[in-house]
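One file, final32.pdb, is given below (PDB, C-alpha atoms, pLDDT in the B column).
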```
MODEL        1
ATOM      1  CA  MET A   1       0.000   0.000   0.000  1.00 85.00           C
ATOM      2  CA  GLN A   2       2.873   2.380   0.713  1.00 91.00           C
ATOM      3  CA  ALA A   3       4.238   1.861  -2.787  1.00 92.00           C
ATOM      4  CA  VAL A   4       0.879   2.818  -4.273  1.00 92.00           C
ATOM      5  CA  GLU A   5       0.688   5.877  -2.016  1.00 94.00           C
ATOM      6  CA  ALA A   6       4.243   6.926  -2.990  1.00 95.00           C
ATOM      7  CA  ARG A   7       3.385   6.475  -6.671  1.00 95.00           C
ATOM      8  CA  PHE A   8       0.230   8.538  -6.217  1.00 95.00           C
ATOM      9  CA  ASN A   9       2.182  11.337  -4.491  1.00 95.00           C
ATOM     10  CA  ALA A  10       4.793  11.315  -7.280  1.00 96.00           C
ATOM     11  CA  LEU A  11       2.082  11.517  -9.930  1.00 96.00           C
ATOM     12  CA  ASP A  12       0.339  14.273  -8.005  1.00 95.00           C
ATOM     13  CA  ALA A  13       3.618  16.261  -7.833  1.00 96.00           C
ATOM     14  CA  ASP A  14       4.166  15.708 -11.568  1.00 96.00           C
ATOM     15  CA  ASP A  15       0.615  16.859 -12.257  1.00 95.00           C
ATOM     16  CA  ALA A  16       1.150  20.065 -10.217  1.00 97.00           C
ATOM     17  CA  ARG A  17       4.463  20.715 -12.001  1.00 97.00           C
ATOM     18  CA  LEU A  18       2.848  20.216 -15.411  1.00 96.00           C
ATOM     19  CA  GLU A  19      -0.049  22.516 -14.500  1.00 96.00           C
ATOM     20  CA  ARG A  20       2.392  25.254 -13.431  1.00 96.00           C
ATOM     21  CA  GLY A  21       4.289  24.748 -16.694  1.00 96.00           C
ATOM     22  CA  LEU A  22       1.032  24.991 -18.638  1.00 96.00           C
ATOM     23  CA  ALA A  23       0.076  28.215 -16.832  1.00 96.00           C
ATOM     24  CA  ASP A  24       3.546  29.658 -17.542  1.00 96.00           C
ATOM     25  CA  ALA A  25       3.270  28.670 -21.194  1.00 96.00           C
ATOM     26  CA  GLY A  26      -0.172  30.294 -21.378  1.00 95.00           C
ATOM     27  CA  GLY A  27       1.278  33.525 -19.985  1.00 95.00           C
ATOM     28  CA  ARG A  28       4.161  33.446 -22.459  1.00 96.00           C
ATOM     29  CA  ASN A  29       1.730  32.729 -25.282  1.00 96.00           C
ATOM     30  CA  GLU A  30      -0.413  35.697 -24.267  1.00 96.00           C
ATOM     31  CA  GLN A  31       2.649  37.975 -24.181  1.00 97.00           C
ATOM     32  CA  LEU A  32       3.796  36.679 -27.571  1.00 96.00           C
ATOM     33  CA  THR A  33       0.349  37.387 -29.003  1.00 96.00           C
ATOM     34  CA  ILE A  34       0.518  40.967 -27.673  1.00 96.00           C
ATOM     35  CA  ASP A  35       4.062  41.384 -29.043  1.00 96.00           C
ATOM     36  CA  ARG A  36       3.011  40.018 -32.425  1.00 96.00           C
ATOM     37  CA  ALA A  37       0.054  42.412 -32.677  1.00 95.00           C
ATOM     38  CA  GLU A  38       2.323  45.338 -31.796  1.00 96.00           C
ATOM     39  CA  LEU A  39       4.870  44.237 -34.372  1.00 95.00           C
ATOM     40  CA  GLU A  40       2.193  43.904 -37.046  1.00 94.00           C
ATOM     41  CA  ARG A  41       0.929  47.426 -36.264  1.00 92.00           C
ATOM     42  CA  THR A  42       4.477  48.777 -36.486  1.00 93.00           C
ATOM     43  CA  LEU A  43       5.073  47.008 -39.793  1.00 90.00           C
ATOM     44  CA  MET A  44       1.797  48.286 -41.222  1.00 89.00           C
ATOM     45  CA  MET A  45       2.665  51.820 -40.144  1.00 89.00           C
ATOM     46  CA  LYS A  46       6.153  51.566 -41.663  1.00 88.00           C
ATOM     47  CA  SER A  47       4.696  50.062 -44.818  1.00 87.00           C
ATOM     48  CA  GLY A  48       2.250  52.959 -45.082  1.00 85.00           C
ATOM     49  CA  GLU A  49       5.086  55.451 -44.640  1.00 86.00           C
ATOM     50  CA  ARG A  50       7.129  53.709 -47.328  1.00 85.00           C
ATOM     51  CA  GLY A  51       4.147  53.601 -49.657  1.00 83.00           C
ATOM     52  CA  LYS A  52       3.589  57.320 -49.128  1.00 85.00           C
ATOM     53  CA  SER A  53       7.276  58.031 -49.737  1.00 88.00           C
ATOM     54  CA  ILE A  54       7.218  56.012 -52.948  1.00 86.00           C
ATOM     55  CA  ALA A  55       4.058  57.798 -54.124  1.00 87.00           C
ATOM     56  CA  ASP A  56       5.633  61.184 -53.348  1.00 89.00           C
ATOM     57  CA  LEU A  57       8.803  60.265 -55.226  1.00 88.00           C
ATOM     58  CA  ARG A  58       6.804  59.078 -58.232  1.00 90.00           C
ATOM     59  CA  GLN A  59       4.840  62.319 -58.237  1.00 91.00           C
ATOM     60  CA  ARG A  60       8.051  64.378 -58.092  1.00 90.00           C
ATOM     61  CA  LEU A  61       9.578  62.289 -60.886  1.00 89.00           C
ATOM     62  CA  THR A  62       6.516  62.815 -63.070  1.00 89.00           C
ATOM     63  CA  ALA A  63       6.667  66.566 -62.437  1.00 89.00           C
ATOM     64  CA  LEU A  64      10.386  66.666 -63.267  1.00 87.00           C
ATOM     65  CA  GLU A  65       9.841  64.636 -66.418  1.00 85.00           C
ATOM     66  CA  GLY A  66       7.062  67.050 -67.429  1.00 82.00           C
ATOM     67  CA  GLU A  67       9.383  70.005 -66.872  1.00 82.00           C
ATOM     68  CA  LYS A  68      12.085  68.321 -68.944  1.00 78.00           C
ATOM     69  CA  VAL A  69       9.626  67.667 -71.797  1.00 71.00           C
ATOM     70  CA  ARG A  70       8.524  71.315 -71.738  1.00 75.00           C
ATOM     71  CA  GLU A  71      12.150  72.458 -71.675  1.00 74.00           C
ATOM     72  CA  VAL A  72      13.085  70.241 -74.619  1.00 68.00           C
ATOM     73  CA  SER A  73       9.945  71.265 -76.513  1.00 70.00           C
ATOM     74  CA  SER A  74      10.589  74.956 -75.989  1.00 72.00           C
ATOM     75  CA  THR A  75      14.251  74.525 -76.974  1.00 70.00           C
ATOM     76  CA  TYR A  76      13.199  72.678 -80.125  1.00 66.00           C
ATOM     77  CA  ALA A  77      10.564  75.303 -80.936  1.00 65.00           C
ATOM     78  CA  LEU A  78      13.089  78.091 -80.429  1.00 63.00           C
ATOM     79  CA  SER A  79      15.682  76.415 -82.646  1.00 68.00           C
ATOM     80  CA  SER A  80      13.023  75.751 -85.314  1.00 64.00           C
ATOM     81  CA  PHE A  81      11.955  79.395 -85.120  1.00 59.00           C
ATOM     82  CA  ARG A  82      15.551  80.536 -85.537  1.00 63.00           C
ATOM     83  CA  GLU A  83      15.865  78.382 -88.640  1.00 62.00           C
ATOM     84  CA  LEU A  84      12.631  79.731 -90.108  1.00 58.00           C
ATOM     85  CA  VAL A  85      13.400  83.428 -89.551  1.00 55.00           C
ATOM     86  CA  PRO A  86      16.293  83.552 -92.068  1.00 56.00           C
ATOM     87  CA  LEU A  87      14.131  81.685 -94.599  1.00 51.00           C
ATOM     88  CA  ARG A  88      11.290  84.202 -94.250  1.00 52.00           C
ATOM     89  CA  MET A  89      13.683  87.112 -94.495  1.00 53.00           C
ATOM     90  CA  ALA A  90      15.214  85.641 -97.642  1.00 52.00           C
ATOM     91  CA  ARG A  91      11.739  85.245 -99.221  1.00 56.00           C
ATOM     92  CA  THR A  92      10.722  88.794 -98.445  1.00 58.00           C
ATOM     93  CA  GLU A  93      13.964  90.154 -99.861  1.00 56.00           C
ATOM     94  CA  SER A  94      13.533  88.459-103.220  1.00 53.00           C
TER
ENDMDL
END
```

Take the structure in this file and express it as structure tokens.
Amino acid sequence: MQAVEARFNALDADDARLERGLADAGGRNEQLTIDRAELERTLMMKSGERGKSIADLRQRLTALEGEKVREVSSTYALSSFRELVPLRMARTES
């Protein structure tokens, strides 16, 4: 009977140890869940900032490209005008 009682006490101690371990694991799991949610919020915020930065850069690039096109167009128009002026003057002189 003593052997059975000793075995029961050992199993009872193991059960208590396992329950404490389970409670500790539950607490760690809860903290990990909180940490994960915070990390996901941070990543989403950073992603939004990066997306905004990329959109701003694209908008600036488009504006700069538009300015370059206008500059090239006006330069081309000016050079074409300069070529046409001597031709018109030559026609009016003859």

For segment 44-59 of chain A, take all atoms listed in the file, fit an axis-aligned box around them, add 8 Å to each of the six sides, then output centre and edge lengths in Å rounded to one decimal, as lines of an AutoDock Vina configuration file.
```
center_x = 5.3
center_y = 55.3
center_z = -49.2
size_x = 23.0
size_y = 30.0
size_z = 34.1
```

Worksheet item: Which value, in Å to one decimal, gives the distance between atom CA of Asp14 of chain A and atom CA of Asn29 of chain A?
Response: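 It comes out at 22.0 Å.
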
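Coordinates place atom CA of Ala25 of chain A at a distance of 25.3 Å from atom CA of Thr42 of chain A.
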
Fill in: Distance in Å - atom CA of Met45 of chain A versus atom CA of Leu64 of chain A
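Separating atom CA of Met45 of chain A from atom CA of Leu64 of chain A is a distance of 28.5 Å.
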